[in-house]
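The file run.tsv contains TSV, C-alpha atoms:
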chain	number	residue	atom	x	y	z
L	481	MET	CA	89.84	120.16	72.46
L	482	ASP	CA	86.44	118.78	73.25
L	483	VAL	CA	86.82	115.69	75.40
L	484	GLY	CA	84.17	113.75	73.50
L	485	VAL	CA	86.13	114.42	70.32
L	486	GLN	CA	89.31	113.15	71.98
L	487	ALA	CA	87.61	109.94	73.02
L	488	ALA	CA	85.98	109.45	69.61
L	489	ARG	CA	89.37	109.89	67.92
L	490	LYS	CA	90.76	107.06	69.97
L	491	GLY	CA	87.72	104.95	69.09
L	492	LEU	CA	86.49	105.04	72.68
L	493	ASP	CA	83.03	105.58	74.03
L	494	PRO	CA	83.00	109.27	75.13
L	495	ALA	CA	81.28	108.12	78.34
L	496	SER	CA	84.59	106.58	79.39
L	497	ASP	CA	86.43	109.92	79.32
L	498	VAL	CA	88.11	110.36	82.71
L	499	PHE	CA	89.01	113.98	81.94
L	500	ASN	CA	85.36	114.98	81.72
L	501	SER	CA	83.82	115.39	85.15
L	502	ASP	CA	80.36	114.65	83.72
L	503	CYS	CA	81.28	111.24	82.27
L	504	PRO	CA	80.82	107.89	84.00
L	505	GLY	CA	84.52	107.19	83.34
L	506	ARG	CA	85.40	109.79	85.98
L	507	THR	CA	83.26	108.00	88.58
L	508	VAL	CA	84.84	104.67	87.63
L	509	LEU	CA	88.29	106.22	88.02
L	510	ASP	CA	87.33	107.54	91.45
L	511	HIS	CA	86.24	104.06	92.55
L	512	VAL	CA	89.23	102.17	91.19
L	513	THR	CA	91.71	104.70	92.59
L	514	SER	CA	90.10	105.14	96.00
L	515	ARG	CA	92.62	104.25	98.69
L	516	TRP	CA	90.53	101.48	100.22
L	517	GLY	CA	89.30	100.26	96.83
L	518	VAL	CA	92.86	99.74	95.60
L	519	LEU	CA	93.89	97.90	98.76
L	520	ILE	CA	90.79	95.68	98.80
L	521	LEU	CA	91.18	94.71	95.13
L	522	ALA	CA	94.90	94.04	95.61
L	523	SER	CA	94.21	91.93	98.71
L	524	LEU	CA	91.73	89.74	96.86
L	525	ARG	CA	94.13	89.13	94.00
L	526	GLU	CA	95.47	85.91	95.50
L	527	GLY	CA	92.07	84.47	96.32
L	528	PRO	CA	88.83	84.97	98.28
L	529	LEU	CA	88.98	86.37	101.78
L	530	ARG	CA	86.57	86.64	104.69
L	531	PHE	CA	85.54	90.06	105.96
L	532	TYR	CA	87.77	89.91	109.04
L	533	GLU	CA	90.72	88.70	106.94
L	534	LEU	CA	90.38	91.76	104.73
L	535	ARG	CA	90.08	93.99	107.79
L	536	ASP	CA	93.25	92.52	109.32
L	537	ARG	CA	95.22	92.67	106.09
L	538	ILE	CA	94.49	96.35	105.34
L	539	GLY	CA	96.06	98.44	108.07
L	540	GLY	CA	93.92	101.31	109.32
L	541	ILE	CA	90.61	100.37	107.66
L	542	SER	CA	87.56	100.49	109.90
L	543	GLU	CA	84.82	97.87	109.58
L	544	LYS	CA	82.47	100.64	108.46
L	545	MET	CA	84.79	101.76	105.65
L	546	LEU	CA	85.42	98.15	104.62
L	547	SER	CA	81.67	97.46	104.40
L	548	GLN	CA	81.01	100.64	102.45
L	549	ASN	CA	83.82	99.97	99.99
L	550	LEU	CA	82.82	96.33	99.49
L	551	ARG	CA	79.32	97.53	98.65
L	552	VAL	CA	80.64	100.02	96.08
L	553	LEU	CA	82.97	97.42	94.52
L	554	GLY	CA	80.11	94.90	94.49
L	555	ARG	CA	77.78	97.32	92.73
L	556	ASP	CA	80.56	98.04	90.19
L	557	GLY	CA	80.73	94.32	89.42
L	558	LEU	CA	84.36	94.07	90.58
L	559	VAL	CA	83.90	92.04	93.76
L	560	ALA	CA	81.39	89.27	94.50
L	561	ARG	CA	80.06	88.29	97.91
L	562	GLU	CA	79.61	84.60	98.53
L	563	VAL	CA	77.62	83.09	101.36
L	564	GLU	CA	78.24	79.48	102.35
L	565	PRO	CA	75.04	77.95	103.80
L	566	THR	CA	76.61	76.93	107.08
L	567	LEU	CA	75.47	77.83	110.58
L	568	PRO	CA	76.44	80.59	111.08
L	569	PRO	CA	76.76	81.42	107.35
L	570	LYS	CA	80.32	82.07	106.17
L	571	VAL	CA	80.65	85.14	104.00
L	572	SER	CA	83.62	85.67	101.73
L	573	TYR	CA	84.61	88.11	99.00
L	574	ARG	CA	86.34	87.40	95.72
L	575	LEU	CA	87.25	89.23	92.53
L	576	THR	CA	84.85	88.80	89.62
L	577	PRO	CA	86.38	88.27	86.15
L	578	LEU	CA	86.00	92.06	85.64
L	579	GLY	CA	87.78	92.71	88.95
L	580	SER	CA	90.54	90.25	88.06
L	581	GLY	CA	91.15	92.18	84.86
L	582	LEU	CA	91.56	95.39	86.86
L	583	ALA	CA	93.87	93.75	89.38
L	584	GLY	CA	96.68	93.53	86.81
L	585	PRO	CA	97.00	97.27	86.08
L	586	LEU	CA	96.50	98.02	89.78
L	587	GLN	CA	99.31	95.66	90.71
L	588	GLY	CA	101.52	97.50	88.21
L	589	LEU	CA	100.84	100.69	90.14
L	590	LEU	CA	101.42	99.05	93.53
L	591	ASP	CA	104.70	97.55	92.29
L	592	TRP	CA	105.80	101.01	91.19
L	593	VAL	CA	104.95	102.42	94.64
L	594	ALA	CA	106.81	99.58	96.37
L	595	GLY	CA	109.86	100.17	94.18
L	596	HIS	CA	109.90	103.97	94.41
L	597	THR	CA	108.70	104.93	97.89
L	598	HIS	CA	112.33	105.44	98.84
L	599	ASP	CA	112.87	107.89	95.93
L	600	ILE	CA	109.75	109.85	96.81
L	601	VAL	CA	110.64	110.09	100.49
L	602	ALA	CA	114.10	111.31	99.45
L	603	ALA	CA	112.54	113.93	97.15
L	604	GLN	CA	110.27	115.12	99.97
L	605	ARG	CA	113.27	115.42	102.28
L	606	ASP	CA	115.27	117.42	99.71
L	607	HIS	CA	112.29	119.67	99.10
L	608	ASP	CA	111.71	120.34	102.79
L	609	ALA	CA	115.43	120.98	103.39
L	610	GLN	CA	115.36	123.67	100.68
L	611	GLY	CA	112.19	125.07	102.32
Y	272	MET	CA	101.27	88.06	108.91
Y	273	ASP	CA	103.35	91.00	109.97
Y	274	VAL	CA	103.50	93.47	107.09
Y	275	GLY	CA	107.19	94.21	107.59
Y	276	VAL	CA	107.84	90.48	107.26
Y	277	GLN	CA	105.79	90.38	104.03
Y	278	ALA	CA	107.79	93.23	102.57
Y	279	ALA	CA	111.13	91.74	103.69
Y	280	ARG	CA	110.20	88.41	102.06
Y	281	LYS	CA	109.74	90.14	98.75
Y	282	GLY	CA	113.09	91.89	99.22
Y	283	LEU	CA	111.35	95.26	99.60
Y	284	ASP	CA	111.98	98.04	102.05
Y	285	PRO	CA	109.25	97.61	104.72
Y	286	ALA	CA	108.72	101.39	104.54
Y	287	SER	CA	107.18	100.86	101.10
Y	288	ASP	CA	104.39	98.63	102.46
Y	289	VAL	CA	101.10	100.10	101.27
Y	290	PHE	CA	99.09	97.77	103.52
Y	291	ASN	CA	100.59	99.30	106.65
Y	292	SER	CA	98.96	102.61	107.51
Y	293	ASP	CA	102.12	103.71	109.35
Y	294	CYS	CA	104.47	103.27	106.39
Y	295	PRO	CA	105.47	105.98	103.91
Y	296	GLY	CA	104.34	103.65	101.09
Y	297	ARG	CA	100.74	104.27	102.14
Y	298	THR	CA	101.19	108.04	101.82
Y	299	VAL	CA	102.83	107.60	98.42
Y	300	LEU	CA	99.91	105.42	97.31
Y	301	ASP	CA	97.47	108.10	98.47
Y	302	HIS	CA	99.28	110.73	96.40
Y	303	VAL	CA	99.64	108.67	93.23
Y	304	THR	CA	96.03	107.48	93.36
Y	305	SER	CA	94.44	110.79	94.28
Y	306	ARG	CA	91.89	111.72	91.62
Y	307	TRP	CA	93.57	114.97	90.67
Y	308	GLY	CA	97.07	113.55	91.01
Y	309	VAL	CA	96.27	110.81	88.48
Y	310	LEU	CA	94.75	113.24	86.01
Y	311	ILE	CA	97.58	115.78	86.33
Y	312	LEU	CA	100.28	113.13	85.83
Y	313	ALA	CA	98.40	111.63	82.87
Y	314	SER	CA	97.94	115.08	81.32
Y	315	LEU	CA	101.67	115.82	81.49
Y	316	ARG	CA	102.59	112.53	79.89
Y	317	GLU	CA	102.72	114.02	76.40
Y	318	GLY	CA	104.79	117.04	77.38
Y	319	PRO	CA	104.93	120.14	79.59
Y	320	LEU	CA	101.81	122.24	80.07
Y	321	ARG	CA	101.07	125.67	81.45
Y	322	PHE	CA	98.86	126.04	84.52
Y	323	TYR	CA	95.81	127.16	82.54
Y	324	GLU	CA	96.27	124.35	80.02
Y	325	LEU	CA	96.16	121.82	82.84
Y	326	ARG	CA	93.11	123.53	84.31
Y	327	ASP	CA	91.29	123.42	80.97
Y	328	ARG	CA	92.24	119.83	80.24
Y	329	ILE	CA	91.06	118.42	83.58
Y	330	GLY	CA	87.32	118.88	83.81
Y	331	GLY	CA	86.03	120.02	87.18
Y	332	ILE	CA	89.34	120.95	88.80
Y	333	SER	CA	89.44	124.31	90.58
Y	334	GLU	CA	92.53	126.49	90.39
Y	335	LYS	CA	92.94	126.02	94.14
Y	336	MET	CA	92.92	122.21	93.87
Y	337	LEU	CA	95.25	122.32	90.88
Y	338	SER	CA	97.75	124.49	92.79
Y	339	GLN	CA	97.58	122.29	95.87
Y	340	ASN	CA	98.06	119.09	93.89
Y	341	LEU	CA	100.94	120.53	91.86
Y	342	ARG	CA	102.65	121.45	95.13
Y	343	VAL	CA	102.21	117.90	96.49
Y	344	LEU	CA	103.45	116.31	93.25
Y	345	GLY	CA	106.37	118.77	93.18
Y	346	ARG	CA	107.37	117.90	96.74
Y	347	ASP	CA	107.14	114.19	95.83
Y	348	GLY	CA	109.64	114.78	93.01
Y	349	LEU	CA	107.12	113.73	90.34
Y	350	VAL	CA	106.44	117.08	88.68
Y	351	ALA	CA	108.85	119.98	88.10
Y	352	ARG	CA	107.90	123.63	87.78
Y	353	GLU	CA	109.80	125.63	85.19
Y	354	VAL	CA	109.88	129.39	84.94
Y	355	GLU	CA	110.93	131.01	81.68
Y	356	PRO	CA	112.54	134.40	82.39
Y	357	THR	CA	110.16	136.35	80.17
Y	358	LEU	CA	108.01	139.33	81.12
Y	359	PRO	CA	105.65	138.22	82.51
Y	360	PRO	CA	107.41	134.95	83.43
Y	361	LYS	CA	105.94	131.84	81.79
Y	362	VAL	CA	105.45	128.97	84.20
Y	363	SER	CA	105.05	125.42	82.99
Y	364	TYR	CA	104.92	121.98	84.56
Y	365	ARG	CA	106.52	118.78	83.35
Y	366	LEU	CA	107.08	115.24	84.57
Y	367	THR	CA	110.44	114.54	86.18
Y	368	PRO	CA	112.16	111.25	85.25
Y	369	LEU	CA	110.58	109.77	88.42
Y	370	GLY	CA	107.15	111.04	87.34
Y	371	SER	CA	107.65	109.68	83.81
Y	372	GLY	CA	108.30	106.26	85.31
Y	373	LEU	CA	105.02	106.43	87.19
Y	374	ALA	CA	103.09	107.61	84.14
Y	375	GLY	CA	103.39	104.16	82.51
Y	376	PRO	CA	101.60	102.16	85.22
Y	377	LEU	CA	99.07	104.99	85.62
Y	378	GLN	CA	98.32	104.92	81.92
Y	379	GLY	CA	97.73	101.16	82.21
Y	380	LEU	CA	95.08	101.91	84.80
Y	381	LEU	CA	93.50	104.71	82.74
Y	382	ASP	CA	93.41	102.46	79.67
Y	383	TRP	CA	91.61	99.82	81.71
Y	384	VAL	CA	89.07	102.42	82.88
Y	385	ALA	CA	88.55	103.65	79.32
Y	386	GLY	CA	88.03	100.09	78.10
Y	387	HIS	CA	85.73	98.94	80.91
Y	388	THR	CA	83.59	101.91	81.93
Y	389	HIS	CA	80.79	100.42	79.87
Y	390	ASP	CA	81.01	97.08	81.75
Y	391	ILE	CA	80.99	98.82	85.11
Y	392	VAL	CA	78.03	101.02	84.24
Y	393	ALA	CA	76.19	97.88	83.06
Y	394	ALA	CA	77.03	96.10	86.35
Y	395	GLN	CA	75.73	99.09	88.33
Y	396	ARG	CA	72.51	99.07	86.32
Y	397	ASP	CA	72.01	95.33	86.91
Y	398	HIS	CA	72.70	95.75	90.60
Y	399	ASP	CA	70.24	98.63	90.97
Y	400	ALA	CA	67.57	96.78	88.98
Y	401	GLN	CA	67.82	93.86	91.41
Y	402	GLY	CA	67.57	96.43	94.25

Please express what this file holds, its structure, as structure tokens.
Amino acid sequence: MDVGVQAARKGLDPASDVFNSDCPGRTVLDHVTSRWGVLILASLREGPLRFYELRDRIGGISEKMLSQNLRVLGRDGLVAREVEPTLPPKVSYRLTPLGSGLAGPLQGLLDWVAGHTHDIVAAQRDHDAQG
Amino acid sequence: MDVGVQAARKGLDPASDVFNSDCPGRTVLDHVTSRWGVLILASLREGPLRFYELRDRIGGISEKMLSQNLRVLGRDGLVAREVEPTLPPKVSYRLTPLGSGLAGPLQGLLDWVAGHTHDIVAAQRDHDAQG
């Protein structure tokens, strides 16, 4: 079935169709499911953080990847950068209202992962043992 | 704060900590948030599909990427492969009970994307106009 038709049936803007690689919805999905994007948004859920606090909280992220991802999330309107006019200026990052709305569904996914990592590791072990 | 301590506080197995790059939870997060993984799991939510049905439903996926991702999701215990003993054999893919449990939180995320792609595209446009 045509993906635009599917979206229209559900009363959705066809542009939001994640199954169509030409639609903006696919790009949005890529951003909100990127590994670092998910972890940055989840980290900011409890309040604003400084750059180095984000870096320390998210194991394995480089400063370059953190900067790049904060830029993408900022352009998407999910994260805002705030500069306090001190010397030197203090820069922090917080969720926008749009980003806060996304944090709920993302947390649902993270809770599932936290609760089922054990099951998945067990499945991988069974699979490899059958090899 | 030590990530193992964070997990232990919440009564979770530290192995499930997605913020720690050395924990299996991070790998699980990578699988369940991979672009193709999300779209395959969401596609199977309404019932089993044949390989070519999945390929046609998910815009832009190559047969190679589909095969690879089905293997990863199979090893994770999220998707099962079923072979009907016909000539030629019919192969279909379905969610396991574990995969069905994940499909709920994933759908929450996809619903958010469908409902907010417009807002994100508008934010991107504003951002670029301020350039």

I'd like the interatomic distance between CA of Gly379 (chain Y) and CA of Tyr323 (chain Y), to a tenth of an Å. 26.1 Å

Polymer residues at most 12 Å from (114.3, 104.8, 102.1) by all atoms listed in the file, as a PyMOL selection string: (chain L and resi 594-605) or (chain Y and resi 283-288+294-296)

May I have the selected residues written with C-alpha atoms, as a compact mmCIF listing (two decimals), in the coordinates of the input?
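Result written to again_5.txt:
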# COMPACT_ATOMS: atom_id res chain seq x y z
CA ALA L 594 106.81 99.58 96.37
CA GLY L 595 109.86 100.17 94.18
CA HIS L 596 109.90 103.97 94.41
CA THR L 597 108.70 104.93 97.89
CA HIS L 598 112.33 105.44 98.84
CA ASP L 599 112.87 107.89 95.93
CA ILE L 600 109.75 109.85 96.81
CA VAL L 601 110.64 110.09 100.49
CA ALA L 602 114.10 111.31 99.45
CA ALA L 603 112.54 113.93 97.15
CA GLN L 604 110.27 115.12 99.97
CA ARG L 605 113.27 115.42 102.28
CA LEU Y 283 111.35 95.26 99.60
CA ASP Y 284 111.98 98.04 102.05
CA PRO Y 285 109.25 97.61 104.72
CA ALA Y 286 108.72 101.39 104.54
CA SER Y 287 107.18 100.86 101.10
CA ASP Y 288 104.39 98.63 102.46
CA CYS Y 294 104.47 103.27 106.39
CA PRO Y 295 105.47 105.98 103.91
CA GLY Y 296 104.34 103.65 101.09

Choose the residue, out of L:Phe499, L:Tyr573, L:Phe531, L:Trp516, that has the smallest atom-to-atom separation from chain Y; count all atoms listed in the file.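 Nearest to chain Y: L:Phe499.
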
By how many Å are CA of Ala560 (chain L) and CA of Arg574 (chain L) apart?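 Separation of CA of Ala560 (chain L) and CA of Arg574 (chain L): 5.4 Å.
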
Excluding same-chain residues fewer than 4 positions from Leu325 (chain Y), what lies within 9 Å of it counting all atoms listed in the file, as JSON, numbers by chain? {"Y": [311, 314, 315, 320, 321, 329, 337, 364]}

Can you save region 520-549 of chain L of the given block to a file, including N, CA, C and O atoms and formatted as a compact mmCIF listing (two decimals), in the first residue's frame?
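out09.txt, freshly written:
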# COMPACT_ATOMS: atom_id res chain seq x y z
N ILE L 520 21.49 11.46 25.41
CA ILE L 520 21.52 12.88 25.79
C ILE L 520 20.13 13.31 26.27
O ILE L 520 19.98 13.93 27.33
N LEU L 521 19.10 12.97 25.51
CA LEU L 521 17.74 13.37 25.89
C LEU L 521 17.36 12.76 27.24
O LEU L 521 16.77 13.43 28.10
N ALA L 522 17.71 11.48 27.44
CA ALA L 522 17.39 10.83 28.71
C ALA L 522 18.15 11.49 29.86
O ALA L 522 17.61 11.65 30.96
N SER L 523 19.39 11.89 29.62
CA SER L 523 20.19 12.51 30.67
C SER L 523 19.62 13.85 31.12
O SER L 523 19.71 14.22 32.28
N LEU L 524 19.04 14.57 30.16
CA LEU L 524 18.53 15.91 30.46
C LEU L 524 17.13 15.87 31.08
O LEU L 524 16.58 16.91 31.45
N ARG L 525 16.58 14.67 31.19
CA ARG L 525 15.20 14.56 31.66
C ARG L 525 15.03 15.10 33.07
O ARG L 525 13.98 15.63 33.40
N GLU L 526 16.06 14.96 33.90
CA GLU L 526 15.90 15.40 35.29
C GLU L 526 16.33 16.84 35.51
O GLU L 526 16.29 17.33 36.64
N GLY L 527 16.74 17.52 34.45
CA GLY L 527 17.12 18.92 34.60
C GLY L 527 18.31 19.27 33.73
O GLY L 527 18.94 18.38 33.15
N PRO L 528 18.61 20.59 33.63
CA PRO L 528 19.71 21.05 32.78
C PRO L 528 21.05 20.51 33.25
O PRO L 528 21.24 20.25 34.44
N LEU L 529 21.94 20.33 32.30
CA LEU L 529 23.29 19.87 32.63
C LEU L 529 24.31 20.68 31.83
O LEU L 529 24.02 21.15 30.72
N ARG L 530 25.50 20.82 32.41
CA ARG L 530 26.61 21.44 31.70
C ARG L 530 27.20 20.42 30.72
O ARG L 530 27.00 19.21 30.87
N PHE L 531 27.98 20.94 29.78
CA PHE L 531 28.58 20.08 28.76
C PHE L 531 29.38 18.93 29.40
O PHE L 531 29.21 17.75 29.05
N TYR L 532 30.25 19.28 30.36
CA TYR L 532 31.12 18.24 30.93
C TYR L 532 30.31 17.25 31.79
O TYR L 532 30.69 16.09 31.93
N GLU L 533 29.18 17.71 32.33
CA GLU L 533 28.33 16.79 33.10
C GLU L 533 27.70 15.74 32.16
O GLU L 533 27.62 14.56 32.49
N LEU L 534 27.26 16.22 31.00
CA LEU L 534 26.73 15.29 30.00
C LEU L 534 27.81 14.30 29.57
O LEU L 534 27.58 13.09 29.49
N ARG L 535 28.99 14.83 29.30
CA ARG L 535 30.10 13.98 28.84
C ARG L 535 30.41 12.90 29.88
O ARG L 535 30.62 11.73 29.54
N ASP L 536 30.40 13.28 31.16
CA ASP L 536 30.75 12.31 32.21
C ASP L 536 29.63 11.30 32.44
O ASP L 536 29.88 10.17 32.84
N ARG L 537 28.40 11.73 32.19
CA ARG L 537 27.26 10.85 32.47
C ARG L 537 27.13 9.76 31.40
O ARG L 537 26.71 8.65 31.69
N ILE L 538 27.49 10.11 30.15
CA ILE L 538 27.26 9.20 29.02
C ILE L 538 28.56 8.49 28.68
O ILE L 538 29.42 9.05 28.00
N GLY L 539 28.69 7.27 29.18
CA GLY L 539 29.93 6.53 28.99
C GLY L 539 30.27 6.36 27.51
O GLY L 539 29.41 5.97 26.73
N GLY L 540 31.50 6.66 27.15
CA GLY L 540 31.99 6.37 25.81
C GLY L 540 31.77 7.48 24.79
O GLY L 540 32.22 7.36 23.65
N ILE L 541 31.10 8.57 25.18
CA ILE L 541 30.87 9.64 24.19
C ILE L 541 32.11 10.55 24.17
O ILE L 541 32.67 10.88 25.21
N SER L 542 32.53 10.90 22.96
CA SER L 542 33.65 11.84 22.84
C SER L 542 33.07 13.26 22.86
O SER L 542 31.89 13.47 22.61
N GLU L 543 33.93 14.23 23.16
CA GLU L 543 33.44 15.62 23.17
C GLU L 543 32.97 16.03 21.78
O GLU L 543 31.99 16.77 21.64
N LYS L 544 33.63 15.50 20.76
CA LYS L 544 33.24 15.83 19.39
C LYS L 544 31.84 15.30 19.09
O LYS L 544 30.99 16.03 18.55
N MET L 545 31.57 14.05 19.47
CA MET L 545 30.25 13.47 19.21
C MET L 545 29.18 14.17 20.04
O MET L 545 28.06 14.38 19.58
N LEU L 546 29.54 14.54 21.28
CA LEU L 546 28.57 15.25 22.12
C LEU L 546 28.21 16.60 21.50
O LEU L 546 27.03 16.95 21.39
N SER L 547 29.22 17.34 21.05
CA SER L 547 28.96 18.64 20.40
C SER L 547 28.08 18.48 19.17
O SER L 547 27.10 19.20 18.98
N GLN L 548 28.45 17.52 18.34
CA GLN L 548 27.69 17.31 17.08
C GLN L 548 26.24 16.98 17.39
O GLN L 548 25.32 17.52 16.77
N ASN L 549 26.04 16.07 18.35
CA ASN L 549 24.67 15.65 18.66
C ASN L 549 23.87 16.76 19.31
O ASN L 549 22.67 16.89 19.06
